[in-house]
Amino acid sequence: MKFGIVVSEGPYTHQAADTAYHFAKAALDKGHEVPRVFFYHDGVNVATNLSIPPQDERHIQKNWTELAKANDIDMVVCIAAAQRRGILDENEAKRQGKDASNLAEGFRISGLGQLIEMGIECDRTVTFGD
Amino acid sequence: MKFGIVVSEGPYTHQAADTAYHFAKAALDKGHEVPRVFFYHDGVNVATNLSIPPQDERHIQKNWTELAKANDIDMVVCIAAAQRRGILDENEAKRQGKDASNLAEGFRISGLGQLIEMGIECDRTVTFGD
Amino acid sequence: MPEAKKFLYVNRKAPYGTIYALESLEVVLIGAAFEQDVSLAFLDDGVFQLTRDQNTDEIGVKNFSPTFRALGDYEVTKLFVEKESLEERGLAPSDLQEIMYEDEDDDWEEKPSIHIVSRSEMADIMADQDVVLSF
Amino acid sequence: MPEAKKFLYVNRKAPYGTIYALESLEVVLIGAAFEQDVSLAFLDDGVFQLTRDQNTDEIGVKNFSPTFRALGDYEVTKLFVEKESLEERGLAPSDLQEIMYEDEDDDWEEKPSIHIVSRSEMADIMADQDVVLSF
Amino acid sequence: MSTLHTVNKSPFGDSAFNSCLEHCKPGDGILLIEDAVYGAVAGSAVAAKVEARAGDVGIYVLDGDAKARGLAAGKLIKQVKPVGYDGFVDLVAEHDRTQSWL
Amino acid sequence: MSTLHTVNKSPFGDSAFNSCLEHCKPGDGILLIEDAVYGAVAGSAVAAKVEARAGDVGIYVLDGDAKARGLAAGKLIKQVKPVGYDGFVDLVAEHDRTQSWL
């Protein structure tokens with residue numbers, strides 16, 4: 001079965017990004033597909049590559065990047081939500097005249113249409129938020 | 001009177017950073033002092049200089065930077081909370097081997113002791129969060 | 001082309017205190033281009049999103065409530081509002097904005113997009129969907 | 001040196017679902033160095049922070065509940081827990097961790113840091129502070 | 001000695017306002033801000049509890065937040081006093097401490 | 001045709017679980033995750049409402065979240081079934097849609 005996943009809250013502050021991660025992993029372990037994860041609202045903050053959690057805590061962004069790499073998950077960060085909150089890829093940073101970007105490997109920035117498309121193409125859509 | 005202000009939620013997602021801003025402005029307009037604002041929890045995300053809100057929306061980070069500049073407010077971002085969430089100044093970025101930093105002008109990163117000190121030295125401490 | 005899916009956008013939060021209501025509306029507007037069978041549910045504090053006379057001048061946040069009145073132009077015409085949620089909050093249907101659309105199947109007659117439904121009807125609507133997105 | 005201020009840390013949220021409980025504890029630990037008159041209040045869902053037998057292995061989040069038992073070493077010895085909040089949640093005082101400190105003014109006798117108080121006593125404690133920080 | 005309590009979440013979705021009402025003391029003030037302004041609406045399921053407390057506790061609503069949510073003064077419980085951000089500042093100064101019910 | 005409902009907030013602080021209980025239908029499932037696992041504790045102020053619904057609705061709790069919060073199986077309402085993340089996946093697959101009560 002194809003599972004689409006929405007992550008609506010930022011890392012560490014809410015457990016949503018962790019629960020979504022464990023759910024995605026379990027779905028893949030059971031032979032299901034997770035073609036896409038869509039990061040919306042504060043969920044876009046999961047995609048920063050500047051996070052440095054304490055050494056004895058999990059690294060939420062890295063966990064996602066590795067899971068996506070190993071399983072070919074399309075991790076999409078909503079562009080409108082990301083711009084408000086300061087998550088930019090290199091192109092966007094250049095276009096906006098910012099001298100830094102912070103989008104982590106494995107994530108891409110795109111529009112909300114990707115969320116609707118996920119809902120259409122997946123058998124199930126599950127939202128993790130607050 | 002001296003007002004210390006705590007901001008505990010990130011910009012745009014919660015109204016807390018807006019309400020705190022209007023409160024600080026009103027306090028200053030009435031002749032009170034706001035020696036320090038402490039950004040904790042997701043509040044640290046107010047300090048990113050990569051935020052690009054739509055043109056018809058307020059720019060929360062810039063509002064704070066300007067208010068602080070005009071009124072000599074010490075805006076402190078908690079280092080532990082900031083590192084988890086990916087808010088870094090240049091020094092910290094260098095030290096951690098990150099090739100980008102995103103701390104906006106007018107904010108400085110420091111420890112939780114600054115919060116306690118604010119509580120001790122101010123006549124009133126007001127928290128804005130969720 | 002496969003048949004359209006039934007999408008329900010569930011709105012349970014008040015506007016302005018958090019951004020969920022606004023960012024939900026942004027999804028609805030973009031989603032309209034996909035020609036799915038779209039409904040919006042307003043229950044619990046979500047009913048506050050549709051109230052009249054919102055004026056955000058003093059709080060410096062954008063007033064997005066007029067956008068609801070434009071939903072008809074995007075062919076989003078099914079807005080279900082829960083009666084019990086209104087009542088618990090001291091609201092009457094007349095406290096809500098008028099949101100109309102022109103029915104192309106009925107000689108472009110103007111019709112209301114808001115339907116007040118009971119809690120039990122809301123449960124039926126929720127149980128009749130393919131995709132439920134919550135805000 | 002001016003007199004110590006009375007600081008109250010108010011904990012109303014459950015652990016793990018959100019980070020507030022953990023980041024509150026981080027403030028308490030750092031704040032201990034400032035030698036103020038510190039109290040912690042646990043009410044509403046905050047009482048869940050102190051329960052026994054927390055095991056976070058499966059959710060991959062750090063279990064910070066043992067840290068409460070170290071508070072005595074930081075001379076943080078006044079933890080007020082609201083009785084009504086416990087009861088509404090089906091909890092008895094015995095469901096909470098034992099948190100002890102050694103009283104230096106009483107020949108280092110071991111004493112409990114947790115004090116179960118009524119809602120009305122909690123209101124009195126809140127009303128007797130200089131600085132109230134909420135998490 | 002008195003406390004200004006601030007509440008910022010809707011009383012219909014969250015228990016903070018209720019908890020605040022049960023912990024405040026005579027002479028205290030409660031200021032409803034952000035989504036908590038809905039707690040000041042007349043005729044709602046929580047209005048009776050607010051009215052019952054309004055005798056010995058000052059209940060205020062942040063005017064800008066009320067207007068943003070379409071709540072003209074006529075829709076509010078009679079005993080609730082609207083204040084601006086400047087009034088918020090005065091309330092903080094007049095009370096000995098501020099407690100946020102987050 | 002049935003729905004899996006997920007709830008992630010404590011029923012003592014937030015109304016989401018209550019609203020879910022009032023909108024779910026016979027044959028549906030409710031999975032309590034994150035802070036909502038407290039809704040599965042026996043003897044609490046919400047337990048009776050949960051027990052009343054457990055006849056026609058399957059009520060599940062995410063085991064890892066329950067253990068994190070010190071809730072061994074013995075502390076839970078009898079009709080509540082603990083599941084792991086793999087059981088969560090099965091529940092999503094078995095029901096026709098998932099609705100998150102955020």
# chains A, B, ... in the order shown; residues from 1 in each chain; ligands from 1
$ interface_residues --of "chain A" --to "chain F" --cutoff "7 Å" --atoms "only C-alpha atoms" --output "PyMOL selection string"
chain A and resi 22-23+26-27+124-127+129-130
$ closest_atom_pairs --of "chain A" --to "chain D" --cutoff "12 Å" --atoms "only C-alpha atoms" --output "CSV"
residue,atom,partner,partner_atom,distance
A:Glu9,CA,D:Thr18,CA,10.5
A:Gly10,CA,D:Thr18,CA,10.5
A:Pro11,CA,D:Ile19,CA,9.6
A:Tyr12,CA,D:Ile19,CA,6.3
A:Thr13,CA,D:Ile19,CA,4.8
A:His14,CA,D:Thr18,CA,4.4
A:Gln15,CA,D:Gly17,CA,5.0
A:Ala16,CA,D:Gly17,CA,7.9
A:Ala17,CA,D:Gly17,CA,10.7
A:Asp18,CA,D:Ile59,CA,7.5
A:Thr19,CA,D:Ile59,CA,7.5
A:Ala20,CA,D:Ile59,CA,10.8
A:Tyr21,CA,D:Ile59,CA,10.0
A:His22,CA,D:Ile59,CA,7.8
A:Phe23,CA,D:Ile59,CA,10.6
A:Pro53,CA,D:Lys62,CA,11.6
A:Pro54,CA,D:Lys62,CA,10.4
A:Gln55,CA,D:Lys62,CA,10.8
A:Asp56,CA,D:Lys62,CA,7.4
A:Glu57,CA,D:Lys62,CA,6.1
A:Arg58,CA,D:Val61,CA,6.9
A:His59,CA,D:Gly60,CA,10.1
A:Ile60,CA,D:Gly60,CA,10.1
A:Asn63,CA,D:Gly60,CA,11.1
A:Phe128,CA,D:Gly17,CA,11.8
A:Gly129,CA,D:Gly17,CA,10.6
A:Asp130,CA,D:Gly17,CA,9.2
$ interface_residues --of "chain F" --to "chain E" --cutoff "9 Å" --atoms "only C-alpha atoms" --output "ChimeraX atom specification"
/F:12-16
$ interface_residues --of "chain D" --to "chain F" --cutoff "9 Å" --atoms "only C-alpha atoms" --output "MDAnalysis selection string"
chainID D and resid 12:18 44:45 48:49 51:59 61 63 87:91
$ write_last_selection --atoms "N, CA and C atoms" --output "compact mmCIF listing (two decimals), in the first residue's frame"
# COMPACT_ATOMS: atom_id res chain seq x y z
N ARG D 12 2.55 22.83 33.75
CA ARG D 12 1.18 22.39 33.49
C ARG D 12 1.09 21.43 32.31
N LYS D 13 2.23 21.01 31.75
CA LYS D 13 2.17 20.19 30.54
C LYS D 13 2.83 18.83 30.76
N ALA D 14 2.35 17.85 30.04
CA ALA D 14 2.86 16.49 30.13
C ALA D 14 4.23 16.40 29.47
N PRO D 15 5.02 15.40 29.84
CA PRO D 15 6.34 15.25 29.22
C PRO D 15 6.26 14.56 27.85
N TYR D 16 7.27 14.76 27.03
CA TYR D 16 7.50 14.04 25.77
C TYR D 16 6.65 14.48 24.57
N GLY D 17 5.34 14.66 24.75
CA GLY D 17 4.52 15.11 23.62
C GLY D 17 4.99 16.47 23.14
N THR D 18 5.43 17.30 24.09
CA THR D 18 6.06 18.57 23.78
C THR D 18 7.31 18.72 24.64
N ASP D 44 -2.38 20.40 36.83
CA ASP D 44 -2.96 19.99 35.56
C ASP D 44 -2.07 18.87 34.97
N ASP D 45 -1.83 18.86 33.66
CA ASP D 45 -1.05 17.75 33.08
C ASP D 45 0.41 17.74 33.53
N PHE D 48 1.99 14.75 35.43
CA PHE D 48 2.49 13.56 34.73
C PHE D 48 4.01 13.54 34.61
N GLN D 49 4.64 14.70 34.74
CA GLN D 49 6.10 14.75 34.61
C GLN D 49 6.79 13.92 35.68
N THR D 51 5.76 11.07 37.23
CA THR D 51 5.36 9.67 37.43
C THR D 51 6.57 8.73 37.36
N ARG D 52 6.43 7.59 38.03
CA ARG D 52 7.45 6.54 38.04
C ARG D 52 7.51 5.80 36.71
N ASP D 53 8.58 5.02 36.57
CA ASP D 53 8.67 3.97 35.55
C ASP D 53 8.57 4.48 34.12
N GLN D 54 8.99 5.71 33.86
CA GLN D 54 8.99 6.19 32.48
C GLN D 54 10.11 5.48 31.72
N ASN D 55 9.76 4.98 30.54
CA ASN D 55 10.74 4.26 29.72
C ASN D 55 10.55 4.66 28.27
N THR D 56 11.48 5.48 27.77
CA THR D 56 11.28 6.08 26.45
C THR D 56 12.00 5.34 25.33
N ASP D 57 12.49 4.12 25.60
CA ASP D 57 13.28 3.40 24.59
C ASP D 57 12.59 3.36 23.22
N GLU D 58 11.30 3.02 23.21
CA GLU D 58 10.64 2.80 21.91
C GLU D 58 10.40 4.08 21.13
N ILE D 59 10.27 5.22 21.82
CA ILE D 59 9.97 6.46 21.08
C ILE D 59 11.24 7.24 20.74
N VAL D 61 13.14 9.15 22.38
CA VAL D 61 13.29 10.47 23.00
C VAL D 61 13.98 10.25 24.34
N ASN D 63 14.80 10.09 28.10
CA ASN D 63 14.05 10.03 29.35
C ASN D 63 14.71 10.96 30.36
N GLU D 87 -5.86 13.46 41.22
CA GLU D 87 -7.10 12.67 41.31
C GLU D 87 -7.84 12.64 39.98
N GLU D 88 -7.97 13.79 39.32
CA GLU D 88 -8.67 13.83 38.04
C GLU D 88 -8.03 12.90 37.02
N ARG D 89 -6.72 12.69 37.18
CA ARG D 89 -5.97 11.87 36.22
C ARG D 89 -5.81 10.42 36.67
N GLY D 90 -6.53 10.04 37.71
CA GLY D 90 -6.46 8.65 38.18
C GLY D 90 -5.14 8.29 38.82
N LEU D 91 -4.43 9.30 39.35
CA LEU D 91 -3.12 9.07 39.96
C LEU D 91 -3.18 9.21 41.48
$ select_by_dssp --residues "chain B" --states "strand (DSSP E)" --output "short mmCIF file (atom, residue, chain, number, x, y, z; two decimals) with all heavy atoms, in the first residue's frame"
data_model
loop_
_atom_site.label_atom_id
_atom_site.label_comp_id
_atom_site.auth_asym_id
_atom_site.auth_seq_id
_atom_site.Cartn_x
_atom_site.Cartn_y
_atom_site.Cartn_z
N LYS B 2 10.84 48.46 35.16
CA LYS B 2 11.57 47.60 34.23
C LYS B 2 10.77 46.33 33.93
O LYS B 2 10.45 45.57 34.84
CB LYS B 2 12.91 47.19 34.84
CG LYS B 2 13.94 48.30 34.87
CD LYS B 2 15.28 47.76 35.37
CE LYS B 2 16.25 48.90 35.63
NZ LYS B 2 17.46 48.46 36.32
N PHE B 3 10.49 46.12 32.64
CA PHE B 3 9.76 44.93 32.21
C PHE B 3 10.71 43.96 31.53
O PHE B 3 11.35 44.32 30.54
CB PHE B 3 8.67 45.29 31.21
CG PHE B 3 7.50 46.02 31.79
CD1 PHE B 3 7.47 47.40 31.82
CD2 PHE B 3 6.42 45.33 32.31
CE1 PHE B 3 6.38 48.09 32.35
CE2 PHE B 3 5.33 46.02 32.84
CZ PHE B 3 5.31 47.39 32.87
N GLY B 4 10.77 42.72 32.02
CA GLY B 4 11.46 41.66 31.30
C GLY B 4 10.43 40.83 30.54
O GLY B 4 9.34 40.58 31.06
N ILE B 5 10.77 40.46 29.31
CA ILE B 5 9.80 39.75 28.46
C ILE B 5 10.38 38.42 27.99
O ILE B 5 11.54 38.35 27.58
CB ILE B 5 9.42 40.64 27.25
CG1 ILE B 5 8.65 41.88 27.74
CG2 ILE B 5 8.60 39.86 26.22
CD1 ILE B 5 8.30 42.85 26.63
N VAL B 6 9.58 37.37 28.09
CA VAL B 6 9.96 36.06 27.57
C VAL B 6 9.08 35.75 26.37
O VAL B 6 7.85 35.87 26.46
CB VAL B 6 9.78 34.94 28.63
CG1 VAL B 6 10.29 33.61 28.10
CG2 VAL B 6 10.45 35.30 29.94
N VAL B 7 9.70 35.34 25.25
CA VAL B 7 8.95 34.90 24.06
C VAL B 7 9.22 33.41 23.87
O VAL B 7 10.36 33.00 23.67
CB VAL B 7 9.38 35.70 22.81
CG1 VAL B 7 8.65 35.17 21.57
CG2 VAL B 7 9.10 37.18 22.99
N GLU B 33 10.90 50.85 30.97
CA GLU B 33 12.09 50.28 30.32
C GLU B 33 11.85 48.81 29.97
O GLU B 33 11.18 48.10 30.73
CB GLU B 33 13.29 50.34 31.27
CG GLU B 33 13.82 51.74 31.53
CD GLU B 33 14.86 51.68 32.65
OE1 GLU B 33 15.93 51.09 32.43
OE2 GLU B 33 14.57 52.21 33.74
N VAL B 34 12.42 48.37 28.86
CA VAL B 34 12.44 46.95 28.52
C VAL B 34 13.90 46.58 28.29
O VAL B 34 14.39 46.57 27.17
CB VAL B 34 11.61 46.64 27.25
CG1 VAL B 34 11.66 45.15 26.91
CG2 VAL B 34 10.15 47.07 27.43
N PRO B 35 14.62 46.31 29.39
CA PRO B 35 16.06 46.10 29.24
C PRO B 35 16.38 44.83 28.45
O PRO B 35 17.40 44.78 27.76
CB PRO B 35 16.56 46.00 30.68
CG PRO B 35 15.37 45.96 31.57
CD PRO B 35 14.17 46.30 30.79
N ARG B 36 15.54 43.80 28.57
CA ARG B 36 15.87 42.54 27.90
C ARG B 36 14.63 41.79 27.44
O ARG B 36 13.59 41.82 28.11
CB ARG B 36 16.68 41.63 28.84
CG ARG B 36 17.11 40.30 28.22
CD ARG B 36 18.02 39.52 29.14
NE ARG B 36 19.30 40.19 29.30
CZ ARG B 36 20.18 39.94 30.27
NH1 ARG B 36 19.91 39.03 31.17
NH2 ARG B 36 21.33 40.60 30.32
N VAL B 37 14.75 41.13 26.29
CA VAL B 37 13.74 40.15 25.86
C VAL B 37 14.47 38.83 25.71
O VAL B 37 15.53 38.77 25.06
CB VAL B 37 13.07 40.56 24.53
CG1 VAL B 37 12.06 39.51 24.08
CG2 VAL B 37 12.40 41.92 24.66
N PHE B 38 13.92 37.78 26.31
CA PHE B 38 14.56 36.47 26.25
C PHE B 38 13.74 35.53 25.36
O PHE B 38 12.55 35.34 25.59
CB PHE B 38 14.70 35.89 27.66
CG PHE B 38 15.63 34.69 27.71
CD1 PHE B 38 17.00 34.87 27.86
CD2 PHE B 38 15.13 33.40 27.58
CE1 PHE B 38 17.86 33.77 27.88
CE2 PHE B 38 15.98 32.30 27.62
CZ PHE B 38 17.35 32.48 27.76
N PHE B 39 14.38 34.95 24.36
CA PHE B 39 13.71 34.05 23.42
C PHE B 39 14.04 32.60 23.77
O PHE B 39 15.22 32.22 23.78
CB PHE B 39 14.12 34.38 21.98
CG PHE B 39 13.67 35.74 21.53
CD1 PHE B 39 14.43 36.88 21.81
CD2 PHE B 39 12.47 35.91 20.86
CE1 PHE B 39 14.00 38.15 21.42
CE2 PHE B 39 12.03 37.17 20.47
CZ PHE B 39 12.80 38.29 20.75
N ASP B 74 18.21 44.46 24.94
CA ASP B 74 19.12 43.31 24.83
C ASP B 74 18.29 42.08 24.46
O ASP B 74 17.56 41.55 25.29
CB ASP B 74 19.81 43.14 26.19
CG ASP B 74 20.82 41.99 26.20
OD1 ASP B 74 21.36 41.66 25.12
OD2 ASP B 74 21.06 41.45 27.30
N MET B 75 18.37 41.63 23.21
CA MET B 75 17.56 40.47 22.78
C MET B 75 18.42 39.22 22.83
O MET B 75 19.34 39.04 22.03
CB MET B 75 17.00 40.69 21.38
CG MET B 75 16.06 41.90 21.29
SD MET B 75 14.97 41.83 19.86
CE MET B 75 16.14 41.93 18.51
N VAL B 76 18.10 38.35 23.79
CA VAL B 76 18.92 37.17 24.05
C VAL B 76 18.19 35.91 23.59
O VAL B 76 17.03 35.69 23.93
CB VAL B 76 19.26 37.05 25.54
CG1 VAL B 76 20.11 35.80 25.79
CG2 VAL B 76 19.97 38.29 26.03
N VAL B 77 18.91 35.10 22.82
CA VAL B 77 18.37 33.84 22.31
C VAL B 77 19.05 32.72 23.09
O VAL B 77 20.29 32.66 23.15
CB VAL B 77 18.69 33.72 20.81
CG1 VAL B 77 18.27 32.36 20.26
CG2 VAL B 77 18.01 34.85 20.04
N CYS B 78 18.29 31.84 23.69
CA CYS B 78 18.87 30.75 24.49
C CYS B 78 19.70 29.82 23.62
O CYS B 78 19.20 29.25 22.64
CB CYS B 78 17.77 29.94 25.18
SG CYS B 78 18.40 28.41 25.91
N PHE B 107 20.07 40.40 17.71
CA PHE B 107 19.93 39.28 18.64
C PHE B 107 21.32 38.78 19.03
O PHE B 107 22.25 38.83 18.23
CB PHE B 107 19.17 38.12 17.97
CG PHE B 107 17.74 38.44 17.61
CD1 PHE B 107 17.43 39.05 16.40
CD2 PHE B 107 16.71 38.10 18.48
CE1 PHE B 107 16.10 39.34 16.06
CE2 PHE B 107 15.38 38.39 18.15
CZ PHE B 107 15.08 39.01 16.94
N ARG B 108 21.45 38.28 20.26
CA ARG B 108 22.69 37.61 20.61
C ARG B 108 22.35 36.29 21.29
O ARG B 108 21.28 36.13 21.89
CB ARG B 108 23.57 38.47 21.51
CG ARG B 108 23.04 38.67 22.91
CD ARG B 108 23.94 39.63 23.70
NE ARG B 108 23.35 39.88 25.01
CZ ARG B 108 23.64 39.19 26.13
NH1 ARG B 108 24.57 38.24 26.10
NH2 ARG B 108 23.03 39.45 27.27
N ILE B 109 23.24 35.32 21.14
CA ILE B 109 23.02 34.00 21.70
C ILE B 109 23.74 33.90 23.03
O ILE B 109 24.91 34.26 23.13
CB ILE B 109 23.50 32.92 20.69
CG1 ILE B 109 22.55 32.92 19.48
CG2 ILE B 109 23.58 31.55 21.34
CD1 ILE B 109 22.76 31.81 18.49
N SER B 110 23.03 33.44 24.05
CA SER B 110 23.66 33.28 25.35
C SER B 110 22.92 32.22 26.16
O SER B 110 22.03 31.55 25.64
CB SER B 110 23.68 34.62 26.09
OG SER B 110 24.45 34.51 27.27
N ARG B 124 9.03 43.41 36.66
CA ARG B 124 7.98 42.49 36.22
C ARG B 124 8.54 41.60 35.12
O ARG B 124 9.31 42.08 34.27
CB ARG B 124 6.78 43.25 35.63
CG ARG B 124 6.07 44.18 36.60
CD ARG B 124 5.22 43.43 37.63
NE ARG B 124 4.49 44.37 38.46
CZ ARG B 124 5.00 44.96 39.55
NH1 ARG B 124 6.24 44.72 39.94
NH2 ARG B 124 4.25 45.80 40.26
N THR B 125 8.14 40.34 35.14
CA THR B 125 8.51 39.43 34.06
C THR B 125 7.22 38.92 33.43
O THR B 125 6.34 38.42 34.14
CB THR B 125 9.32 38.24 34.60
OG1 THR B 125 10.51 38.74 35.22
CG2 THR B 125 9.70 37.28 33.49
N VAL B 126 7.10 39.08 32.11
CA VAL B 126 5.87 38.67 31.43
C VAL B 126 6.24 37.68 30.33
O VAL B 126 7.13 37.94 29.52
CB VAL B 126 5.15 39.88 30.81
CG1 VAL B 126 3.78 39.48 30.29
CG2 VAL B 126 5.00 41.01 31.83
N THR B 127 5.54 36.54 30.32
CA THR B 127 5.83 35.49 29.35
C THR B 127 4.76 35.43 28.28
O THR B 127 3.56 35.45 28.59
CB THR B 127 5.92 34.12 30.05
OG1 THR B 127 6.89 34.19 31.09
CG2 THR B 127 6.31 33.02 29.08
N PHE B 128 5.18 35.34 27.03
CA PHE B 128 4.26 35.18 25.90
C PHE B 128 4.57 33.85 25.23
O PHE B 128 5.69 33.64 24.76
CB PHE B 128 4.43 36.33 24.91
CG PHE B 128 4.05 37.67 25.50
CD1 PHE B 128 4.98 38.42 26.19
CD2 PHE B 128 2.75 38.14 25.41
CE1 PHE B 128 4.64 39.64 26.77
CE2 PHE B 128 2.39 39.35 25.97
CZ PHE B 128 3.34 40.11 26.65
#
$ residues_around --residues "Asn102 (chain B)" --least-positions-apart "4" --cutoff "9 Å" --atoms "only C-alpha atoms" --output "list in words"
Leu50, Gly86, Ala100, Ser101 and Asn102 of chain A; Ala47, Thr48, Asn49, Leu50, Gly86, Ile87, Leu88, Asp89 and Glu90 of chain B
$ select_by_dssp --residues "region 15-125 of chain A" --states "helix (DSSP H, G or I)" --output "VMD selection string"
chain A and resid 16 to 29 41 to 47 60 to 71 79 to 85 90 to 95 113 to 121
